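Colleague: Next comes the structure file run_35.cif, holding mmCIF, C-alpha atoms.
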```
data_query
loop_
_atom_site.label_atom_id
_atom_site.label_comp_id
_atom_site.auth_asym_id
_atom_site.auth_seq_id
_atom_site.Cartn_x
_atom_site.Cartn_y
_atom_site.Cartn_z
CA MET F 29 107.15 16.06 118.80
CA SER F 30 104.32 15.81 121.30
CA LEU F 31 102.58 18.74 122.90
CA ALA F 32 102.48 19.16 126.66
CA PRO F 33 99.04 18.49 128.14
CA THR F 34 96.94 21.57 128.91
CA HIS F 35 94.27 21.94 131.53
CA THR F 36 90.67 22.45 130.52
CA THR F 37 89.56 24.49 133.57
CA PRO F 38 89.95 28.27 133.62
CA ARG F 39 92.90 29.73 135.40
CA GLY F 40 92.28 30.25 139.11
CA HIS F 41 91.68 33.72 140.53
CA VAL F 42 92.75 34.96 143.94
CA VAL F 43 89.66 35.88 145.94
CA LEU F 44 89.65 37.67 149.28
CA GLN F 45 87.51 35.81 151.78
CA PRO F 46 84.70 37.74 153.56
CA THR F 47 86.47 37.24 156.89
CA TYR F 48 89.29 39.47 155.65
CA PHE F 49 86.98 42.49 155.64
CA THR F 50 85.82 41.88 159.22
CA SER F 51 89.39 41.41 160.48
CA SER F 52 91.81 43.97 161.85
CA LEU F 53 93.77 43.77 158.58
CA PHE F 54 91.01 45.74 156.86
CA VAL F 55 88.99 47.38 159.65
CA ASP F 56 91.82 49.24 161.37
CA PRO F 57 93.31 50.84 158.22
CA ALA F 58 89.80 51.63 156.94
CA ARG F 59 88.96 53.42 160.20
CA GLU F 60 92.14 55.46 159.92
CA ASP F 61 91.34 56.39 156.31
CA ILE F 62 87.82 57.49 157.28
CA ASP F 63 89.20 59.53 160.17
CA HIS F 64 91.69 61.15 157.79
CA LEU F 65 88.94 61.96 155.28
CA ILE F 66 86.72 63.53 157.95
CA ARG F 67 89.63 65.47 159.45
CA ILE F 68 90.58 66.97 156.08
CA TYR F 69 86.99 67.99 155.41
CA THR F 70 86.50 69.64 158.81
CA GLU F 71 89.74 71.57 158.42
CA ARG F 72 88.94 72.69 154.86
CA TYR F 73 85.38 73.61 155.78
CA GLY F 74 86.54 75.65 158.75
CA THR F 75 88.96 77.68 156.64
CA SER F 76 87.10 78.02 153.33
CA GLN F 77 83.42 78.48 154.29
CA LEU F 78 82.22 77.80 150.73
CA SER F 79 78.58 78.11 149.73
CA GLN F 80 78.66 74.54 148.38
CA PRO F 81 79.97 72.34 151.22
CA PHE F 82 79.03 69.09 149.45
CA THR F 83 81.03 70.12 146.39
CA LEU F 84 84.00 70.60 148.69
CA PHE F 85 83.49 67.08 150.05
CA LYS F 86 83.36 65.58 146.54
CA ASP F 87 86.61 67.33 145.61
CA ILE F 88 88.32 65.89 148.70
CA TRP F 89 86.79 62.46 148.01
CA SER F 90 88.26 62.43 144.50
CA SER F 91 91.64 63.91 145.40
CA GLN F 92 92.16 61.33 148.16
CA GLY F 93 91.49 58.42 145.78
CA TRP F 94 88.22 57.25 147.29
CA THR F 95 86.71 56.91 143.81
CA TRP F 96 88.74 53.71 143.31
CA LEU F 97 87.61 52.03 146.51
CA HIS F 98 84.79 50.12 144.80
CA PHE F 99 87.35 48.08 142.89
CA LYS F 100 88.67 46.57 146.11
CA ALA F 101 86.66 43.35 145.66
CA PHE F 102 84.81 41.76 142.73
CA ASP F 103 83.62 38.40 144.04
CA ALA F 104 79.99 38.65 145.16
CA ARG F 105 80.45 37.13 148.65
CA SER F 106 83.57 39.12 149.40
CA ARG F 107 82.13 42.29 147.92
CA ASP F 108 79.00 42.02 150.07
CA ALA F 109 81.13 41.86 153.23
CA PHE F 110 83.35 44.69 151.95
CA LEU F 111 80.39 47.00 151.29
CA LYS F 112 78.65 46.23 154.58
CA VAL F 113 81.77 46.74 156.70
CA THR F 114 82.81 49.95 154.93
CA MET F 115 79.37 51.51 155.27
CA ARG F 116 79.17 50.40 158.89
CA LEU F 117 82.50 52.11 159.60
CA PHE F 118 81.12 55.33 158.13
CA SER F 119 77.96 54.96 160.22
CA GLU F 120 80.05 54.65 163.39
CA ARG F 121 80.92 58.34 163.04
CA LEU F 122 77.23 59.28 162.97
CA ALA F 123 76.84 58.76 166.72
CA GLU F 124 75.59 61.63 168.88
CA SER F 125 78.89 61.63 170.76
CA GLU F 126 80.55 63.02 167.64
CA SER F 127 80.48 66.71 166.73
CA PRO F 128 77.81 67.88 164.25
CA LEU F 129 80.45 68.66 161.62
CA THR F 130 82.00 65.19 161.98
CA ARG F 131 78.57 63.56 161.72
CA THR F 132 77.84 65.57 158.59
CA ALA F 133 81.12 64.56 156.95
CA ALA F 134 80.46 60.90 157.82
CA LEU F 135 76.95 61.17 156.33
CA PHE F 136 78.39 62.67 153.13
CA GLY F 137 80.90 59.82 152.94
CA LEU F 138 78.25 57.16 153.53
CA TYR F 139 75.97 58.66 150.90
CA THR F 140 78.76 59.09 148.33
CA PHE F 141 80.02 55.54 148.81
CA PHE F 142 76.48 54.17 148.45
CA ALA F 143 75.53 56.31 145.45
CA THR F 144 78.73 55.60 143.48
CA GLN F 145 78.37 51.81 143.45
CA PRO F 146 78.95 50.65 139.84
CA SER F 147 75.63 49.77 138.20
CA THR F 148 76.53 49.46 134.50
CA SER F 149 79.61 47.24 134.64
CA ALA F 150 79.94 44.04 132.59
CA PRO F 151 79.90 41.59 134.21
CA PRO F 152 77.73 43.35 136.82
CA LEU F 153 79.16 43.92 140.28
CA HIS F 154 77.25 43.17 143.45
CA ALA F 155 75.70 46.30 144.99
CA LEU F 156 74.38 46.84 148.49
CA ALA F 157 70.82 48.17 148.65
CA HIS F 158 70.28 48.40 152.43
CA LEU F 159 72.40 49.18 155.47
CA PRO F 160 71.41 47.88 158.93
CA VAL F 161 71.23 50.68 161.52
CA THR F 162 69.84 50.68 165.04
CA ILE F 163 66.59 52.49 165.75
CA ASP F 164 68.24 54.98 168.14
CA MET F 165 70.90 55.91 165.59
CA TYR F 166 68.25 56.28 162.90
CA GLN F 167 66.21 58.62 165.09
CA SER F 168 69.23 60.73 165.99
CA LEU F 169 70.23 60.88 162.33
CA LEU F 170 66.84 62.30 161.38
CA LYS F 171 67.40 65.09 163.93
CA LEU F 172 70.82 66.01 162.52
CA PRO F 173 69.53 68.97 160.42
CA ASP F 174 68.07 70.52 163.58
CA VAL F 175 71.48 70.35 165.29
CA LEU F 176 73.07 72.43 162.52
CA ASP F 177 71.63 75.66 163.93
CA THR F 178 74.73 77.86 164.25
CA ASN F 179 75.96 80.33 161.67
CA PHE F 180 79.03 78.17 161.15
CA LEU F 181 77.03 74.99 160.44
CA ARG F 182 73.86 76.38 158.89
CA PRO F 183 75.15 76.09 155.25
CA LEU F 184 75.26 72.31 155.76
CA ARG F 185 71.59 71.95 156.72
CA LEU F 186 70.14 71.99 153.19
CA HIS F 187 72.63 69.41 151.93
CA VAL F 188 72.11 67.12 154.92
CA THR F 189 68.35 67.30 154.43
CA TYR F 190 68.70 66.36 150.76
CA VAL F 191 71.03 63.43 151.52
CA LEU F 192 68.68 62.05 154.18
CA SER F 193 65.75 62.44 151.81
CA ALA F 194 67.58 60.60 149.03
CA LEU F 195 68.57 57.73 151.34
CA HIS F 196 65.04 57.52 152.71
CA LYS F 197 63.58 57.46 149.19
CA ALA F 198 65.95 54.62 148.28
CA GLN F 199 64.85 52.74 151.44
CA PHE F 200 68.50 52.50 152.35
CA PHE F 201 68.16 52.05 156.11
CA HIS F 202 67.27 48.62 157.48
CA ILE F 203 66.09 49.31 161.04
CA LEU F 204 67.42 47.10 163.84
CA PRO F 205 66.62 47.01 167.58
CA PRO F 206 68.30 49.54 169.92
CA SER F 207 72.09 49.57 170.14
CA ASN F 208 72.10 48.42 173.79
CA LEU F 209 70.92 45.02 172.52
CA PHE F 210 73.95 44.71 170.18
CA PRO F 211 71.93 43.63 167.11
CA PHE F 212 74.76 43.86 164.59
CA SER F 213 76.45 40.82 163.07
CA PRO F 214 79.30 40.71 163.78
CA ARG F 215 78.66 42.31 167.15
CA GLU F 216 81.90 44.31 167.10
CA LEU F 217 84.50 45.26 164.51
CA PRO F 218 87.10 43.96 164.02
CA ARG F 219 85.86 40.46 164.72
CA GLU F 220 89.20 38.79 163.96
CA GLN F 221 92.50 40.15 165.29
CA PHE F 222 95.60 39.52 163.20
CA ILE F 223 98.83 39.03 165.16
CA SER F 224 102.01 38.77 163.15
CA ASP F 225 104.62 36.19 164.13
CA PHE F 226 107.33 37.70 161.95
CA ALA F 227 109.35 40.85 162.34
CA ASP F 228 109.84 41.42 158.60
CA GLY F 229 109.18 39.95 155.19
CA ASP F 230 112.30 37.75 155.25
CA GLY F 231 110.61 35.35 157.64
CA GLN F 232 112.76 36.23 160.60
CA VAL F 233 110.89 35.47 163.79
CA ALA F 234 110.58 38.48 166.05
CA ALA F 235 113.08 38.57 168.84
CA ALA F 236 110.38 39.16 171.39
CA THR F 237 108.72 35.86 170.48
CA ASN F 238 111.69 33.69 171.51
CA ALA F 239 112.98 35.95 174.28
CA PRO F 240 112.23 34.51 177.73
CA LYS F 241 109.98 36.53 179.97
CA LYS F 242 111.94 38.65 182.38
CA LYS F 243 111.60 37.88 186.06
CA GLY F 244 111.29 40.39 188.83
CA ARG F 245 110.46 44.05 188.57
CA PRO F 246 110.67 45.83 185.21
CA SER F 247 113.91 47.67 184.57
CA LYS F 248 114.20 51.43 184.27
CA HIS F 249 114.64 51.05 180.53
CA ASP F 250 111.40 49.04 180.27
CA LYS F 251 109.51 51.66 182.28
CA VAL F 252 110.81 54.48 180.09
CA LYS F 253 109.91 52.56 176.92
CA LYS F 254 106.42 51.82 178.21
CA SER F 255 105.88 55.47 179.14
CA ARG F 256 107.12 56.64 175.74
CA ASP F 257 104.79 54.22 173.93
CA ALA F 258 101.86 55.41 176.05
CA ALA F 259 102.65 59.06 175.25
CA ILE F 260 102.84 58.30 171.52
CA ALA F 261 99.51 56.47 171.66
CA LEU F 262 97.96 59.42 173.49
CA ASP F 263 99.26 61.87 170.88
CA LYS F 264 97.77 59.74 168.09
CA TRP F 265 94.43 59.59 169.90
CA LEU F 266 94.40 63.36 170.37
CA ASP F 267 95.16 63.86 166.67
CA LYS F 268 92.31 61.55 165.68
CA THR F 269 89.82 63.23 168.04
CA ALA F 270 90.74 66.84 167.22
CA TYR F 271 87.88 69.15 166.29
CA THR F 272 88.12 72.41 164.34
CA TYR F 273 85.36 74.99 164.50
CA GLN F 274 84.82 78.60 163.49
CA PRO F 275 83.99 81.04 166.34
CA PRO F 276 81.05 83.38 165.73
CA GLN F 277 81.91 86.61 163.94
CA ALA F 278 80.87 89.93 165.39
CA ILE F 279 79.18 92.53 163.20
CA ASN F 280 81.63 94.65 161.19
CA ASP F 281 84.55 92.69 162.55
CA VAL F 282 87.29 90.57 161.01
CA ALA F 283 86.46 86.89 160.80
CA PRO F 284 88.28 85.06 163.63
CA GLN F 285 90.60 82.19 162.90
CA ALA F 286 89.38 78.62 163.21
CA ILE F 287 90.03 77.04 166.60
CA THR F 288 91.15 73.43 167.07
CA THR F 289 90.15 71.69 170.27
CA HIS F 290 89.21 68.21 171.47
CA ILE F 291 86.01 66.55 170.33
CA LEU F 292 84.79 66.16 173.93
CA LEU F 293 84.88 69.96 174.35
CA SER F 294 83.07 70.73 171.09
CA HIS F 295 79.61 69.40 171.80
CA PRO F 296 77.97 69.12 175.24
CA PRO F 297 76.90 65.55 176.14
CA SER F 298 73.23 66.50 176.48
CA THR F 299 71.96 62.96 175.96
CA THR F 300 74.21 61.52 178.67
CA ARG F 301 73.30 64.36 181.02
CA ASN F 302 69.57 63.86 180.50
CA ASN F 303 69.91 60.09 181.02
CA TYR F 304 71.78 60.73 184.27
CA ARG F 305 69.11 63.11 185.50
CA ALA F 306 66.33 60.65 184.68
CA LYS F 307 68.09 57.78 186.48
CA LYS F 308 68.82 60.00 189.48
CA SER F 309 65.19 61.10 189.77
CA GLU F 310 64.08 57.47 189.55
CA LEU F 311 66.54 56.50 192.30
CA LEU F 312 65.48 59.30 194.65
CA GLU F 313 61.80 58.50 194.05
CA LYS F 314 62.36 54.88 195.07
CA ILE F 315 64.45 55.79 198.12
CA GLU F 316 62.04 58.46 199.42
CA PRO F 317 58.66 58.03 197.69
CA ASP F 318 56.88 60.37 200.18
CA TYR F 319 59.36 63.26 200.02
CA PRO F 320 59.03 66.03 201.25
CA TYR F 321 56.21 64.95 203.58
CA VAL F 322 58.14 62.04 205.14
CA THR F 323 61.93 62.41 205.42
CA GLU F 324 62.73 59.92 208.14
CA GLY F 325 63.32 56.35 207.19
CA LYS F 326 65.78 53.86 205.76
CA GLY F 327 66.06 55.81 202.51
CA ARG F 328 67.13 59.04 204.21
CA ALA F 329 69.55 57.14 206.47
CA ALA F 330 71.13 55.51 203.38
CA LEU F 331 71.52 58.90 201.69
CA GLU F 332 73.14 60.44 204.76
CA GLN F 333 75.52 57.51 205.13
CA ALA F 334 76.50 57.66 201.45
CA ASN F 335 77.12 61.43 201.63
CA ARG F 336 79.27 61.08 204.76
CA GLY F 337 81.26 58.24 203.17
CA VAL F 338 82.06 60.21 200.03
CA VAL F 339 83.06 63.33 201.98
CA SER F 340 85.26 61.24 204.29
CA ARG F 341 87.10 59.64 201.36
CA LEU F 342 87.61 62.98 199.63
CA ARG F 343 89.00 64.50 202.83
CA LYS F 344 91.49 61.66 203.07
CA ILE F 345 92.52 62.16 199.42
CA ASP F 346 92.89 65.90 200.03
CA GLU F 347 95.10 65.29 203.08
CA GLU F 348 97.35 62.89 201.16
CA ALA F 349 97.62 65.39 198.28
CA ALA F 350 98.46 68.23 200.68
CA ALA F 351 101.22 66.11 202.26
CA LYS F 352 102.79 65.87 198.81
CA GLY F 353 102.39 69.58 198.12
CA MET F 354 99.54 69.18 195.64
CA GLU F 355 96.09 70.75 195.47
CA ILE F 356 93.00 68.98 194.14
CA GLY F 357 90.06 70.79 192.56
CA GLY F 358 91.12 74.31 193.45
CA GLU F 359 91.18 75.70 189.92
CA GLY F 360 87.48 76.53 189.70
CA GLY F 361 87.04 78.57 192.89
CA GLU F 362 83.91 77.80 194.86
CA ARG F 363 82.57 75.59 192.06
CA THR F 364 85.18 72.89 192.63
CA GLY F 365 87.14 71.40 195.48
CA LEU F 366 86.42 69.77 198.79
CA ARG F 367 84.68 72.80 200.32
CA ARG F 368 81.85 72.64 197.80
CA VAL F 369 81.41 68.91 198.35
CA GLU F 370 81.15 69.48 202.09
CA ARG F 371 78.57 72.24 201.62
CA ALA F 372 76.52 70.08 199.26
CA ALA F 373 76.50 67.23 201.76
CA ASP F 374 75.40 69.60 204.55
CA GLU F 375 72.44 70.74 202.44
CA LEU F 376 70.86 67.28 202.64
CA GLY F 377 67.55 67.59 204.47
CA LYS F 378 67.36 71.40 204.30
CA HIS F 379 64.16 72.37 202.50
CA GLY F 380 64.58 75.08 199.90
CA SER F 381 68.24 74.32 199.17
CA VAL F 382 69.46 72.79 195.92
CA GLY F 383 70.91 69.77 197.68
CA GLY F 384 68.02 69.32 200.07
CA ARG F 385 66.75 66.22 198.31
CA GLY F 386 69.94 64.30 197.59
CA GLY F 387 72.94 66.20 198.95
CA LEU F 388 75.85 65.30 196.70
CA LEU F 389 73.39 64.08 194.06
CA GLY F 390 72.50 67.73 193.50
CA LEU F 391 75.99 68.83 192.43
CA LEU F 392 74.92 68.92 188.77
CA GLU F 393 72.10 71.33 189.65
CA GLY F 394 74.39 73.62 191.68
CA ALA F 395 74.37 72.20 195.19
CA GLY F 396 77.07 73.63 197.45
CA ILE F 397 77.67 76.81 195.45
CA GLY F 398 77.63 80.13 197.28
CA GLN F 399 76.42 78.77 200.60
CA GLU F 400 79.09 78.70 203.24
CA ASN F 401 78.64 76.52 206.28
CA LYS F 402 77.69 78.38 209.43
#
```
Starting from the file, give its structure as structure tokens.

Modeller:
Amino acid sequence: MSLAPTHTTPRGHVVLQPTYFTSSLFVDPAREDIDHLIRIYTERYGTSQLSQPFTLFKDIWSSQGWTWLHFKAFDARSRDAFLKVTMRLFSERLAESESPLTRTAALFGLYTFFATQPSTSAPPLHALAHLPVTIDMYQSLLKLPDVLDTNFLRPLRLHVTYVLSALHKAQFFHILPPSNLFPFSPRELPREQFISDFADGDGQVAAATNAPKKKGRPSKHDKVKKSRDAAIALDKWLDKTAYTYQPPQAINDVAPQAITTHILLSHPPSTTRNNYRAKKSELLEKIEPDYPYVTEGKGRAALEQANRGVVSRLRKIDEEAAAKGMEIGGEGGERTGLRRVERAADELGKHGSVGGRGGLLGLLEGAGIGQENK
């Protein structure tokens, strides 16, 4: 009786390729998991107000199963891509456009994921020592403790300072050029988009794949379905971008309940506003370099023409809205609406008025408020 031949090479192992971790198969679910983690922490922090906010984060990290994430990949090449992409997804939530509490939770997650990399395993697992970040994000991250200046956020300041100090001591940040130069590789995540050709696991091709494209205008059913899908997508976006904060408590008063609002209403876009003001000042300086001594020239004529054009278009929009029984911009009294725009445009060239230099370009500074046309 002869024995069957046996192979001499070790049994093959399934290895995830690095491109898997930069594709939508991994990036999209990972983003959703990070959003879910941050959302839970912001809600728990707003309701509990513990003296140890980082301990609260570690409890949530463990209860949500994040402690097992490091066992996602073992091969060195795949693990390097996995670690870089995961940490980059955490760093995306450190942007100044996010609320301070969201940025703090993302920093806690980034630090915890970095600090819990296995270092005593046998065989040893690949560990990531540095994370590429742009210089502008690095500078804004160093200012994060100064942003936590309210009574609601002040308990986080000490922990954020310690985390930043620990990461700086470990030389964790690898500084890249500014973000407007897109220095990351890959430039955007996900780099690969996965599109399924099958409707289910039985291999049945989706009906929409073989269905011929309809000719003519979309049916009422198609319009309703498209509207319903858009509404569902909007609801999901609102859920992901919700922000919970604790209103200030008056002396000898009951602590108010936490308020949930949209992220865009939680933190004023001071950086965007300052950039706009700087660009506007540069524009006005180039158009009228000798203002206020010389106000007659091509620059002033261009400003007047632009102001008249904007007012004319807004009047036309207001007339069309009135014909349909609608009102535009009337909710804010004299601060909104066509009347304020007209007043701001009339202020152009009037020394001493807010809009004297740029007309409509002075709306941010208060042009057209409280000055009725004579």

Colleague: What's the separation between atom CA of Ser106 of chain F and atom CA of Phe54 of chain F, in Å to one decimal place?

Modeller: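 Those two atoms sit 12.4 Å apart.
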
Colleague: Evaluate the PyMOL selection byres ((chain F and resi 111) around 9) on the structure here and hand back the selected residues as a ChimeraX atom specification.

Modeller: /F:98,106-110,112-116,141-142,155-156

Colleague: Which polymer residues have any atom within 6 Å of an atom of segment 211-225 of chain F, counting all atoms listed in the file, with same-chain residues fewer than 2 positions away left out, as a PyMOL selection string?

Modeller: chain F and resi 50-52+55+209

Colleague: Choose the residue, out of F:Arg368, F:Lys326, F:Arg121, F:Lys378, that has the smallest atom-to-atom separation from Ala395 of chain F; count all atoms listed in the file.

Modeller: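 Selected residue with least distance to Ala395 of chain F: F:Arg368.
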
Colleague: Applied to this file, what does the PyMOL selection byres ((chain F and resi 63) around 12) return in terms of residues, put as a PyMOL selection string?

Modeller: chain F and resi 56-62+64-70+117-118+120-121+126+130-131+133-134+137+264-265+267-271

Colleague: Output the residue selection produced by the PyMOL selection byres ((chain F and resi 169-180) around 8) on the file above, formatted as a count of residues only.

Modeller: 19

Colleague: Can you work out which one of F:Gly383, F:Pro317, F:Gly353, F:Pro284 has the shortest atom-to-atom distance to Glu332 of chain F, counting all atoms listed in the file?

Modeller: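 Checking each of F:Gly383, F:Pro317, F:Gly353, F:Pro284 against Glu332 of chain F, counting all atoms listed in the file, the winner is F:Gly383.
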
Colleague: Suppose you want the space between atom CA of Arg367 of chain F and atom CA of Arg385 of chain F; what is it in Å?

Modeller: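 One can read the atom CA of Arg367 of chain F to atom CA of Arg385 of chain F distance as 19.2 Å.
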
Colleague: Restricting the calculation to all atoms listed in the file: of F:Gly377, F:Thr75, F:Lys248, F:Pro46, which residue gets closest to Ala283 of chain F?

Modeller: F:Thr75

Colleague: Fewer than 4 positions away in the same chain doesn't count, so skip those; otherwise give me all residues within 7 Å of Ala373 of chain F, counting all atoms listed in the file, as a list in words.

Modeller: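 Final neighbour list, sorted by chain and number: Asn335, Val369, Gly387 and Leu388 of chain F.
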
Colleague: Atom CA of Met354 of chain F and atom CA of Ser255 of chain F are how many Å apart?

Modeller: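 Atom CA of Met354 of chain F sits 22.4 Å away from atom CA of Ser255 of chain F.
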
Colleague: Identify the residues around (72.9, 48.8, 152.6) within a radius of 7 Å, measuring from all atoms listed in the file in the coordinates stated by the file, and give them as a PyMOL selection string.

Modeller: chain F and resi 112+156-160+200-201

Colleague: Hey, can you spit out that residue selection with C-alpha atoms as a CSV table (one decimal), in the frame of the given file?

Modeller:
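New file selection21.csv:
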```csv
chain,number,residue,atom,x,y,z
F,112,LYS,CA,78.6,46.2,154.6
F,156,LEU,CA,74.4,46.8,148.5
F,157,ALA,CA,70.8,48.2,148.6
F,158,HIS,CA,70.3,48.4,152.4
F,159,LEU,CA,72.4,49.2,155.5
F,160,PRO,CA,71.4,47.9,158.9
F,200,PHE,CA,68.5,52.5,152.4
F,201,PHE,CA,68.2,52.0,156.1
```
